[in-house]
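File shown here: query_36.txt, holding compact mmCIF, C-alpha atoms.
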```txt
# COMPACT_ATOMS: atom_id res chain seq x y z
CA MET D 160 78.93 90.55 98.08
CA THR D 161 78.21 94.22 97.54
CA GLY D 162 77.30 95.17 101.12
CA GLY D 163 74.02 96.35 102.48
CA ALA D 164 73.38 93.03 104.24
CA ARG D 165 75.08 93.97 107.52
CA THR D 166 72.12 95.82 108.99
CA SER D 167 71.66 94.42 112.49
CA PRO D 168 72.60 96.81 115.34
CA VAL D 169 75.04 94.26 116.78
CA GLU D 170 76.90 93.93 113.49
CA ARG D 171 77.03 97.66 113.05
CA ARG D 172 78.38 98.14 116.58
CA LEU D 173 81.04 95.49 116.00
CA LEU D 174 82.14 96.99 112.67
CA ALA D 175 82.25 100.52 114.10
CA ALA D 176 84.34 99.35 117.08
CA ALA D 177 86.69 97.38 114.83
CA VAL D 178 87.23 100.33 112.47
CA ARG D 179 88.01 102.64 115.37
CA LEU D 180 90.39 100.20 117.08
CA PHE D 181 92.18 99.11 113.87
CA ALA D 182 92.62 102.77 112.88
CA GLU D 183 94.19 103.55 116.26
CA HIS D 184 96.28 100.43 116.98
CA GLY D 185 96.61 98.56 113.69
CA PHE D 186 95.11 95.16 112.84
CA ASP D 187 97.77 93.23 114.78
CA GLY D 188 97.50 95.52 117.78
CA VAL D 189 93.84 94.72 118.46
CA SER D 190 92.41 91.52 119.98
CA VAL D 191 88.93 90.06 119.45
CA GLN D 192 88.42 90.64 123.20
CA GLN D 193 89.04 94.39 122.80
CA ILE D 194 86.58 94.58 119.91
CA VAL D 195 83.76 92.83 121.78
CA GLU D 196 84.36 94.98 124.87
CA ALA D 197 84.29 98.21 122.87
CA ALA D 198 81.15 97.09 121.04
CA GLN D 199 79.54 95.80 124.29
CA VAL D 200 78.86 92.47 122.64
CA THR D 201 79.75 88.96 123.83
CA LYS D 202 82.35 86.87 122.01
CA GLY D 203 79.51 84.53 121.08
CA GLY D 204 77.71 87.50 119.56
CA LEU D 205 80.73 88.35 117.44
CA TYR D 206 81.25 84.77 116.24
CA HIS D 207 77.55 84.53 115.36
CA TYR D 208 78.15 87.14 112.65
CA PHE D 209 81.86 87.01 111.86
CA ASP D 210 84.24 84.05 111.45
CA SER D 211 87.31 85.92 112.64
CA LYS D 212 89.11 89.27 112.96
CA GLN D 213 90.02 88.83 109.27
CA ASP D 214 86.33 88.52 108.47
CA LEU D 215 85.65 91.84 110.25
CA LEU D 216 88.45 93.52 108.28
CA HIS D 217 87.05 92.14 105.04
CA GLU D 218 83.54 93.32 105.93
CA ILE D 219 84.81 96.85 106.69
CA TYR D 220 86.03 97.03 103.14
CA ARG D 221 83.09 95.24 101.54
CA SER D 222 80.59 97.68 103.00
CA LEU D 223 82.60 100.60 101.54
CA ILE D 224 83.31 99.17 98.08
CA GLY D 225 79.76 97.76 97.99
CA ARG D 226 78.27 101.22 98.33
CA GLN D 227 80.76 102.62 95.83
CA LEU D 228 80.04 99.93 93.23
CA ALA D 229 76.27 100.44 93.64
CA ASP D 230 76.74 104.19 93.09
CA LEU D 231 78.90 103.46 90.05
CA GLU D 232 76.17 101.26 88.52
CA ARG D 233 73.65 104.04 89.10
CA ILE D 234 75.91 106.62 87.41
CA LEU D 235 76.62 104.36 84.42
CA ALA D 236 72.90 103.52 84.06
CA ALA D 237 72.09 107.24 83.79
CA GLY D 238 73.62 107.26 80.30
CA LEU D 239 75.43 110.60 80.67
CA ASP D 240 78.09 111.70 78.18
CA PRO D 241 81.71 110.76 79.03
CA ALA D 242 82.61 114.13 80.59
CA ALA D 243 79.54 114.16 82.85
CA THR D 244 80.19 110.52 83.76
CA VAL D 245 83.83 111.20 84.68
CA ARG D 246 82.74 114.15 86.84
CA ALA D 247 79.97 112.13 88.54
CA VAL D 248 82.31 109.21 89.30
CA ILE D 249 85.00 111.49 90.76
CA ARG D 250 82.38 113.31 92.85
CA GLU D 251 80.91 110.05 94.15
CA LEU D 252 84.27 108.42 94.91
CA VAL D 253 85.71 111.46 96.70
CA THR D 254 82.63 112.16 98.81
CA SER D 255 81.99 108.51 99.78
CA THR D 256 85.66 108.06 100.68
CA ALA D 257 85.51 111.26 102.78
CA GLU D 258 82.38 110.03 104.57
CA HIS D 259 84.11 106.73 105.40
CA ILE D 260 87.66 107.96 105.82
CA ASP D 261 88.45 105.69 108.81
CA GLU D 262 87.37 102.62 106.85
CA ALA D 263 89.44 103.80 103.88
CA GLN D 264 92.49 104.36 106.10
CA VAL D 265 92.24 100.96 107.80
CA PHE D 266 91.86 99.38 104.44
CA ALA D 267 94.81 101.17 102.82
CA ARG D 268 97.07 100.04 105.68
CA GLU D 269 95.79 96.54 106.35
CA MET D 270 94.48 95.23 103.02
CA HIS D 271 97.61 93.09 102.56
CA ARG D 272 96.75 91.25 105.81
CA LEU D 273 93.72 89.56 104.24
CA ASP D 274 94.04 85.89 103.43
CA PRO D 275 94.50 85.01 99.72
CA ASP D 276 90.80 84.28 99.00
CA ARG D 277 89.49 87.46 100.59
CA LEU D 278 92.30 89.48 99.03
CA ALA D 279 91.38 88.09 95.61
CA ALA D 280 87.70 89.06 96.15
CA VAL D 281 88.68 92.58 97.18
CA ARG D 282 91.04 92.96 94.24
CA ALA D 283 88.26 91.81 91.88
CA ASP D 284 85.91 94.50 93.27
CA ARG D 285 88.56 97.20 92.91
CA ARG D 286 89.33 95.96 89.42
CA ARG D 287 85.66 96.22 88.37
CA TYR D 288 85.61 99.85 89.43
CA HIS D 289 88.95 100.56 87.77
CA VAL D 290 87.95 98.96 84.45
CA ALA D 291 84.54 100.66 84.39
CA PHE D 292 86.16 104.09 84.82
CA ARG D 293 88.85 103.35 82.23
CA GLU D 294 86.18 102.31 79.73
CA VAL D 295 84.40 105.66 80.11
CA VAL D 296 87.68 107.47 79.32
CA GLU D 297 88.34 105.11 76.38
CA ARG D 298 84.86 105.75 75.00
CA GLY D 299 85.39 109.53 75.23
CA GLN D 300 88.73 109.21 73.44
CA ARG D 301 87.23 106.97 70.75
CA GLU D 302 84.33 109.38 70.19
CA GLY D 303 86.74 112.34 70.05
CA VAL D 304 85.22 114.21 73.01
CA PHE D 305 88.41 113.49 75.00
CA ALA D 306 91.95 114.09 73.73
CA LYS D 307 94.32 111.12 73.57
CA VAL D 308 96.71 113.11 75.78
CA ALA D 309 97.50 109.99 77.84
CA PRO D 310 96.27 106.37 77.77
CA ALA D 311 92.95 105.84 79.57
CA GLU D 312 94.76 103.46 81.96
CA THR D 313 97.10 106.27 83.05
CA VAL D 314 94.20 108.69 83.57
CA THR D 315 92.53 106.01 85.71
CA LEU D 316 95.68 105.44 87.81
CA VAL D 317 95.93 109.19 88.46
CA VAL D 318 92.28 109.47 89.56
CA PHE D 319 92.37 106.38 91.79
CA GLY D 320 95.74 107.40 93.23
CA MET D 321 94.18 110.68 94.33
CA VAL D 322 91.19 108.88 95.90
CA ASN D 323 93.21 106.17 97.64
CA GLU D 324 95.60 108.70 99.14
CA MET D 325 92.79 110.71 100.75
CA PRO D 326 93.15 108.97 104.15
CA ARG D 327 96.63 110.46 104.45
CA TRP D 328 95.47 114.09 104.34
CA TYR D 329 91.68 114.43 104.39
CA ARG D 330 90.15 115.65 107.67
CA ALA D 331 86.38 116.03 108.06
CA ASP D 332 87.00 119.28 109.95
CA GLY D 333 89.55 120.57 107.42
CA ARG D 334 89.28 123.74 105.42
CA LYS D 335 88.04 122.24 102.17
CA PRO D 336 84.80 120.21 101.93
CA ALA D 337 85.23 116.96 100.00
CA ALA D 338 82.59 117.98 97.45
CA ALA D 339 84.55 121.14 96.53
CA PHE D 340 87.79 119.16 96.23
CA ALA D 341 86.02 116.65 93.95
CA GLU D 342 84.87 119.40 91.58
CA GLU D 343 88.40 120.84 91.41
CA VAL D 344 89.89 117.43 90.58
CA ALA D 345 87.21 116.86 87.92
CA ASP D 346 87.96 120.33 86.45
CA LEU D 347 91.68 119.48 86.23
CA ILE D 348 91.21 116.00 84.72
CA LEU D 349 88.54 117.14 82.24
CA ALA D 350 90.70 120.13 81.20
CA GLY D 351 93.53 117.66 80.61
CA LEU D 352 91.24 115.54 78.42
CA ARG D 353 89.80 118.49 76.47
CA PRO D 354 90.56 118.23 72.74
CA SER D 355 92.83 121.10 71.66
CA MET U 176 119.04 114.11 107.60
CA THR U 177 118.82 113.76 103.88
CA GLY U 178 120.44 110.34 103.57
CA GLY U 179 123.65 109.49 101.84
CA ALA U 180 125.40 108.80 105.17
CA ARG U 181 124.44 105.12 105.38
CA THR U 182 127.27 103.88 103.20
CA SER U 183 128.90 101.04 105.12
CA PRO U 184 128.28 97.55 103.68
CA VAL U 185 126.87 96.35 107.04
CA GLU U 186 124.32 99.16 107.17
CA ARG U 187 123.31 98.55 103.58
CA ARG U 188 122.89 94.80 104.23
CA LEU U 189 120.76 95.52 107.31
CA LEU U 190 118.54 98.02 105.48
CA ALA U 191 118.09 95.71 102.49
CA ALA U 192 117.15 92.78 104.77
CA ALA U 193 114.75 94.95 106.79
CA VAL U 194 113.00 96.27 103.65
CA ARG U 195 112.57 92.76 102.29
CA LEU U 196 111.29 91.31 105.58
CA PHE U 197 108.98 94.25 106.41
CA ALA U 198 107.52 94.10 102.88
CA GLU U 199 106.79 90.39 103.28
CA HIS U 200 105.66 90.13 106.93
CA GLY U 201 104.87 93.68 108.07
CA PHE U 202 106.76 95.68 110.70
CA ASP U 203 105.16 93.82 113.65
CA GLY U 204 105.73 90.45 112.03
CA VAL U 205 109.53 90.76 111.93
CA SER U 206 111.95 90.49 114.88
CA VAL U 207 115.37 92.09 115.22
CA GLN U 208 116.73 88.52 115.34
CA GLN U 209 115.26 87.75 111.89
CA ILE U 210 116.79 90.93 110.45
CA VAL U 211 120.30 90.21 111.75
CA GLU U 212 120.11 86.60 110.53
CA ALA U 213 118.96 87.65 107.05
CA ALA U 214 121.66 90.32 106.88
CA GLN U 215 124.31 87.94 108.34
CA VAL U 216 125.21 90.53 110.95
CA THR U 217 125.42 90.15 114.75
CA LYS U 218 122.91 91.90 117.02
CA GLY U 219 125.81 93.98 118.30
CA GLY U 220 126.49 94.99 114.70
CA LEU U 221 122.91 96.14 114.25
CA TYR U 222 122.85 98.12 117.49
CA HIS U 223 126.14 99.78 116.56
CA TYR U 224 124.33 101.50 113.69
CA PHE U 225 120.65 101.52 114.64
CA ASP U 226 118.91 102.19 117.97
CA SER U 227 115.95 99.94 117.28
CA LYS U 228 113.65 98.39 114.67
CA GLN U 229 111.89 101.78 114.54
CA ASP U 230 115.23 103.38 113.68
CA LEU U 231 115.65 100.96 110.76
CA LEU U 232 112.14 101.79 109.51
CA HIS U 233 112.88 105.49 109.75
CA GLU U 234 116.17 105.07 107.91
CA ILE U 235 114.47 103.14 105.07
CA TYR U 236 112.34 106.18 104.48
CA ARG U 237 115.04 108.78 105.06
CA SER U 238 117.27 107.27 102.40
CA LEU U 239 114.40 107.45 99.87
CA ILE U 240 113.11 110.94 100.69
CA GLY U 241 116.70 112.16 101.07
CA ARG U 242 117.49 111.20 97.48
CA GLN U 243 114.19 112.68 96.29
CA LEU U 244 114.74 115.99 98.09
CA ALA U 245 118.27 116.24 96.70
CA ASP U 246 116.91 115.66 93.18
CA LEU U 247 114.22 118.28 93.79
CA GLU U 248 116.84 120.86 94.82
CA ARG U 249 118.79 120.10 91.66
CA ILE U 250 115.67 120.53 89.47
CA LEU U 251 114.68 123.80 91.17
CA ALA U 252 118.25 125.13 90.90
CA ALA U 253 118.18 124.57 87.12
CA GLY U 254 115.80 127.54 86.79
CA LEU U 255 113.52 125.93 84.20
CA ASP U 256 110.12 127.42 83.36
CA PRO U 257 107.13 126.12 85.40
CA ALA U 258 105.99 123.55 82.79
CA ALA U 259 109.47 122.07 82.40
CA THR U 260 109.87 122.04 86.19
CA VAL U 261 106.55 120.21 86.71
CA ARG U 262 107.56 117.64 84.10
CA ALA U 263 111.02 117.16 85.60
CA VAL U 264 109.61 116.73 89.14
CA ILE U 265 107.00 114.18 88.02
CA ARG U 266 109.66 112.28 86.05
CA GLU U 267 112.06 112.23 88.98
CA LEU U 268 109.43 111.25 91.58
CA VAL U 269 107.93 108.45 89.48
CA THR U 270 111.24 106.92 88.43
CA SER U 271 112.86 107.12 91.90
CA THR U 272 109.73 105.61 93.48
CA ALA U 273 109.77 102.82 90.89
CA GLU U 274 113.45 102.13 91.57
CA HIS U 275 112.74 101.85 95.31
CA ILE U 276 109.27 100.38 95.17
CA ASP U 277 109.78 98.01 98.15
CA GLU U 278 110.91 100.90 100.36
CA ALA U 279 107.92 102.95 99.18
CA GLN U 280 105.54 100.09 99.92
CA VAL U 281 106.92 99.45 103.41
CA PHE U 282 106.71 103.11 104.10
CA ALA U 283 103.13 103.54 102.87
CA ARG U 284 102.00 100.69 105.11
CA GLU U 285 104.11 101.26 108.22
CA MET U 286 104.72 105.02 108.40
CA HIS U 287 102.10 105.35 111.16
CA ARG U 288 104.16 102.98 113.35
CA LEU U 289 106.94 105.54 113.80
CA ASP U 290 107.17 107.23 117.19
CA PRO U 291 105.95 110.85 117.35
CA ASP U 292 109.38 112.50 116.90
CA ARG U 293 110.37 110.41 113.89
CA LEU U 294 106.88 110.77 112.39
CA ALA U 295 107.14 114.55 112.75
CA ALA U 296 110.54 114.55 111.00
CA VAL U 297 109.17 112.44 108.15
CA ARG U 298 106.09 114.63 107.78
CA ALA U 299 108.31 117.72 107.64
CA ASP U 300 110.35 116.18 104.79
CA ARG U 301 107.20 115.25 102.87
CA ARG U 302 105.80 118.72 103.51
CA ARG U 303 108.93 120.38 102.07
CA TYR U 304 108.49 118.42 98.86
CA HIS U 305 104.76 119.10 98.73
CA VAL U 306 105.15 122.86 99.28
CA ALA U 307 107.99 123.16 96.75
CA PHE U 308 105.87 121.51 94.05
CA ARG U 309 102.81 123.59 94.93
CA GLU U 310 104.88 126.77 94.67
CA VAL U 311 105.95 125.88 91.13
CA VAL U 312 102.28 125.47 90.13
CA GLU U 313 101.37 128.72 91.91
CA ARG U 314 104.14 130.56 90.10
CA GLY U 315 102.91 129.26 86.73
CA GLN U 316 99.36 130.34 87.55
CA ARG U 317 100.53 133.77 88.71
CA GLU U 318 102.60 134.25 85.55
CA GLY U 319 99.69 133.11 83.38
CA VAL U 320 101.52 130.14 81.82
CA PHE U 321 99.20 127.78 83.76
CA ALA U 322 95.41 128.09 83.88
CA LYS U 323 93.74 128.54 87.28
CA VAL U 324 91.69 125.44 86.49
CA ALA U 325 92.12 124.17 90.06
CA PRO U 326 94.01 125.45 93.13
CA ALA U 327 97.72 124.58 93.11
CA GLU U 328 97.14 122.60 96.33
CA THR U 329 94.65 120.33 94.54
CA VAL U 330 97.01 119.80 91.59
CA THR U 331 99.71 118.84 94.11
CA LEU U 332 97.42 116.37 95.93
CA VAL U 333 96.58 114.70 92.60
CA VAL U 334 100.26 114.35 91.59
CA PHE U 335 101.40 113.05 95.00
CA GLY U 336 98.40 110.73 95.24
CA MET U 337 99.49 109.13 91.97
CA VAL U 338 103.09 108.75 93.19
CA ASN U 339 102.21 107.43 96.65
CA GLU U 340 99.84 104.84 95.19
CA MET U 341 102.48 103.37 92.90
CA PRO U 342 103.43 100.56 95.35
CA ARG U 343 99.91 99.17 94.93
CA TRP U 344 100.24 98.53 91.19
CA TYR U 345 103.76 99.18 89.88
CA ARG U 346 105.82 96.10 88.99
CA ALA U 347 109.38 96.40 87.72
CA ASP U 348 108.64 93.63 85.21
CA GLY U 349 105.30 95.16 84.15
CA ARG U 350 104.36 96.24 80.67
CA LYS U 351 104.98 99.95 81.09
CA PRO U 352 108.38 101.39 82.08
CA ALA U 353 108.12 103.98 84.87
CA ALA U 354 109.72 106.65 82.67
CA ALA U 355 106.97 106.27 80.03
CA PHE U 356 104.24 106.40 82.68
CA ALA U 357 105.82 109.59 84.11
CA GLU U 358 105.71 111.32 80.71
CA GLU U 359 102.04 110.38 80.27
CA VAL U 360 101.11 111.75 83.69
CA ALA U 361 103.06 114.95 82.96
CA ASP U 362 101.25 115.26 79.60
CA LEU U 363 97.86 114.93 81.33
CA ILE U 364 98.62 117.38 84.17
CA LEU U 365 100.23 119.96 81.86
CA ALA U 366 97.31 119.70 79.41
CA GLY U 367 94.99 120.34 82.36
CA LEU U 368 97.02 123.42 83.30
CA ARG U 369 97.25 124.79 79.74
CA PRO U 370 95.60 128.22 79.40
CA SER U 371 92.60 127.96 77.06
```
Go through the file and emit its structure as structure tokens.
Amino acid sequence: MTGGARTSPVERRLLAAAVRLFAEHGFDGVSVQQIVEAAQVTKGGLYHYFDSKQDLLHEIYRSLIGRQLADLERILAAGLDPAATVRAVIRELVTSTAEHIDEAQVFAREMHRLDPDRLAAVRADRRRYHVAFREVVERGQREGVFAKVAPAETVTLVVFGMVNEMPRWYRADGRKPAAAFAEEVADLILAGLRPS
Amino acid sequence: MTGGARTSPVERRLLAAAVRLFAEHGFDGVSVQQIVEAAQVTKGGLYHYFDSKQDLLHEIYRSLIGRQLADLERILAAGLDPAATVRAVIRELVTSTAEHIDEAQVFAREMHRLDPDRLAAVRADRRRYHVAFREVVERGQREGVFAKVAPAETVTLVVFGMVNEMPRWYRADGRKPAAAFAEEVADLILAGLRPS
């Protein structure tokens, strides 16, 4: 469920080819034949690992959210205070999204093409992340280290909006490294949450 | 360029049908024939007003950004202070996006399908809005009414990320009215920008 299992070279070649082709031509604009040719794999090879083109799309996302959920668990397990947790989560989300910006872009555009079961699984993963972040903000507000300037749900929607929009503007060769951008966003959000 | 011209009932029927069908089936999944049938217009009627399916997609966006740019001009012309301007822009963007959430969703998913010329025109419109907002934040930071907690560009990316992600979660029949959400976001951003 949370990624890490797709470790064979053939699977990795197929996923990399699919990401590149979907990013360039869209999910509908790419055939299974084009994917296997780009990956230099036979159709039999593809169907050994993946049920369908939909399955490839789902796996592109699972490998990304899987890594992100594992990092989230690690951050939460560290037992930092709410402000340090918020900063660590923003840093991790922004940098992992930047490192996998093609996957994030394909997913933002094509997520609605998943069948209902896969879409429900993806939404559940996103929801887990969303709720975990919101709970950190709620805890900070309850303990008085964060101001109740806005509901924790709204703070969460602002942070995830920023992350999910990164594929539209982030370029690996752009002027600002993702890590620096993450610190600036954390500074802004934590200043907004600072008790007056 | 900035909308307002598409006022005939036939054009409005065609645009409404195209938005609905694109939202449900995606741009590639909808034929011109399906659009004219849903709008109860002949193909000749469609081609009298629109060059192509691409032209319809472009017009869906132009009518939304056109309204938003006109509202922005009105807000800027009012000569409010930077904090009141930031609040007014966030309020306007959030509520107009909520009112046209299907158009915003189609656009978020299908914008990359526009041909290069139309895509360039759309990007220029978005850029105008982005730069105008960033300049308001820069002015506040220069005048000392906003803290330099983060670069104005980063503040702008956070605000527009939140707006552009609304199609993923906003529901007209949801628990929170868009206007209330807009005030909460403005409270958070302005608290973040408050000089300490």
For chain U, report every residue with an atom at most 10 Å from chain D (counting only C-alpha atoms), formatted as a PDB file with C-alpha atoms, in the coordinates of the input.
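Saved result, selection_16.pdb, follows:
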```pdb
ATOM      1  CA  ALA U 198     107.520  94.100 102.880  1.00  0.00           C
ATOM      2  CA  GLU U 199     106.790  90.390 103.280  1.00  0.00           C
ATOM      3  CA  HIS U 200     105.660  90.130 106.930  1.00  0.00           C
ATOM      4  CA  GLY U 201     104.870  93.680 108.070  1.00  0.00           C
ATOM      5  CA  ASP U 203     105.160  93.820 113.650  1.00  0.00           C
ATOM      6  CA  GLY U 204     105.730  90.450 112.030  1.00  0.00           C
ATOM      7  CA  ALA U 283     103.130 103.540 102.870  1.00  0.00           C
ATOM      8  CA  ARG U 284     102.000 100.690 105.110  1.00  0.00           C
ATOM      9  CA  GLU U 285     104.110 101.260 108.220  1.00  0.00           C
ATOM     10  CA  MET U 286     104.720 105.020 108.400  1.00  0.00           C
ATOM     11  CA  HIS U 287     102.100 105.350 111.160  1.00  0.00           C
ATOM     12  CA  ARG U 288     104.160 102.980 113.350  1.00  0.00           C
ATOM     13  CA  ALA U 322      95.410 128.090  83.880  1.00  0.00           C
ATOM     14  CA  LYS U 323      93.740 128.540  87.280  1.00  0.00           C
ATOM     15  CA  VAL U 324      91.690 125.440  86.490  1.00  0.00           C
ATOM     16  CA  ALA U 325      92.120 124.170  90.060  1.00  0.00           C
ATOM     17  CA  PRO U 326      94.010 125.450  93.130  1.00  0.00           C
ATOM     18  CA  GLU U 328      97.140 122.600  96.330  1.00  0.00           C
ATOM     19  CA  THR U 329      94.650 120.330  94.540  1.00  0.00           C
ATOM     20  CA  VAL U 330      97.010 119.800  91.590  1.00  0.00           C
ATOM     21  CA  THR U 331      99.710 118.840  94.110  1.00  0.00           C
ATOM     22  CA  LEU U 332      97.420 116.370  95.930  1.00  0.00           C
ATOM     23  CA  VAL U 333      96.580 114.700  92.600  1.00  0.00           C
ATOM     24  CA  VAL U 334     100.260 114.350  91.590  1.00  0.00           C
ATOM     25  CA  PHE U 335     101.400 113.050  95.000  1.00  0.00           C
ATOM     26  CA  GLY U 336      98.400 110.730  95.240  1.00  0.00           C
ATOM     27  CA  MET U 337      99.490 109.130  91.970  1.00  0.00           C
ATOM     28  CA  VAL U 338     103.090 108.750  93.190  1.00  0.00           C
ATOM     29  CA  ASN U 339     102.210 107.430  96.650  1.00  0.00           C
ATOM     30  CA  GLU U 340      99.840 104.840  95.190  1.00  0.00           C
ATOM     31  CA  MET U 341     102.480 103.370  92.900  1.00  0.00           C
ATOM     32  CA  ARG U 343      99.910  99.170  94.930  1.00  0.00           C
ATOM     33  CA  TRP U 344     100.240  98.530  91.190  1.00  0.00           C
ATOM     34  CA  PHE U 356     104.240 106.400  82.680  1.00  0.00           C
ATOM     35  CA  ALA U 357     105.820 109.590  84.110  1.00  0.00           C
ATOM     36  CA  GLU U 358     105.710 111.320  80.710  1.00  0.00           C
ATOM     37  CA  GLU U 359     102.040 110.380  80.270  1.00  0.00           C
ATOM     38  CA  VAL U 360     101.110 111.750  83.690  1.00  0.00           C
ATOM     39  CA  ALA U 361     103.060 114.950  82.960  1.00  0.00           C
ATOM     40  CA  ASP U 362     101.250 115.260  79.600  1.00  0.00           C
ATOM     41  CA  LEU U 363      97.860 114.930  81.330  1.00  0.00           C
ATOM     42  CA  ILE U 364      98.620 117.380  84.170  1.00  0.00           C
ATOM     43  CA  LEU U 365     100.230 119.960  81.860  1.00  0.00           C
ATOM     44  CA  ALA U 366      97.310 119.700  79.410  1.00  0.00           C
ATOM     45  CA  GLY U 367      94.990 120.340  82.360  1.00  0.00           C
ATOM     46  CA  LEU U 368      97.020 123.420  83.300  1.00  0.00           C
ATOM     47  CA  ARG U 369      97.250 124.790  79.740  1.00  0.00           C
ATOM     48  CA  PRO U 370      95.600 128.220  79.400  1.00  0.00           C
ATOM     49  CA  SER U 371      92.600 127.960  77.060  1.00  0.00           C
TER      50      SER U 371
END
```
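For the pair CA of Arg237 in chain U and CA of Asp300 in chain U, the separation is 8.8 Å.
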What's the 12 Å shell around Thr166 in chain D, counting only C-alpha atoms, without same-chain residues fewer than 5 positions away, as a short mmCIF file (atom, residue, chain, number, x, y, z; two decimals) with C-alpha atoms, in the coordinates of the input?
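Generated file (selection.cif):
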```cif
data_model
loop_
_atom_site.label_atom_id
_atom_site.label_comp_id
_atom_site.auth_asym_id
_atom_site.auth_seq_id
_atom_site.Cartn_x
_atom_site.Cartn_y
_atom_site.Cartn_z
CA ARG D 171 77.03 97.66 113.05
CA ARG D 172 78.38 98.14 116.58
CA LEU D 173 81.04 95.49 116.00
CA LEU D 174 82.14 96.99 112.67
CA TYR D 208 78.15 87.14 112.65
CA SER D 222 80.59 97.68 103.00
#
```
Interatomic distance (Å, one decimal) between CA of Gly220 in chain U and CA of Asp277 in chain U
23.7 Å
Give me the residues near range 245-257 of chain U as a PDB file with C-alpha atoms, in the frame of the given file, where near means some atom within 8 Å (using only C-alpha atoms) and where sequence neighbours in that chain fewer than 3 positions away do not count.
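This is the output file selection39.pdb:
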```pdb
ATOM      1  CA  THR U 177     118.820 113.760 103.880  1.00  0.00           C
ATOM      2  CA  GLY U 241     116.700 112.160 101.070  1.00  0.00           C
ATOM      3  CA  ARG U 242     117.490 111.200  97.480  1.00  0.00           C
ATOM      4  CA  THR U 260     109.870 122.040  86.190  1.00  0.00           C
ATOM      5  CA  VAL U 261     106.550 120.210  86.710  1.00  0.00           C
ATOM      6  CA  ALA U 263     111.020 117.160  85.600  1.00  0.00           C
ATOM      7  CA  VAL U 264     109.610 116.730  89.140  1.00  0.00           C
ATOM      8  CA  GLU U 267     112.060 112.230  88.980  1.00  0.00           C
ATOM      9  CA  TYR U 304     108.490 118.420  98.860  1.00  0.00           C
ATOM     10  CA  VAL U 311     105.950 125.880  91.130  1.00  0.00           C
ATOM     11  CA  VAL U 312     102.280 125.470  90.130  1.00  0.00           C
ATOM     12  CA  ARG U 314     104.140 130.560  90.100  1.00  0.00           C
ATOM     13  CA  GLY U 315     102.910 129.260  86.730  1.00  0.00           C
ATOM     14  CA  VAL U 320     101.520 130.140  81.820  1.00  0.00           C
TER      15      VAL U 320
END
```
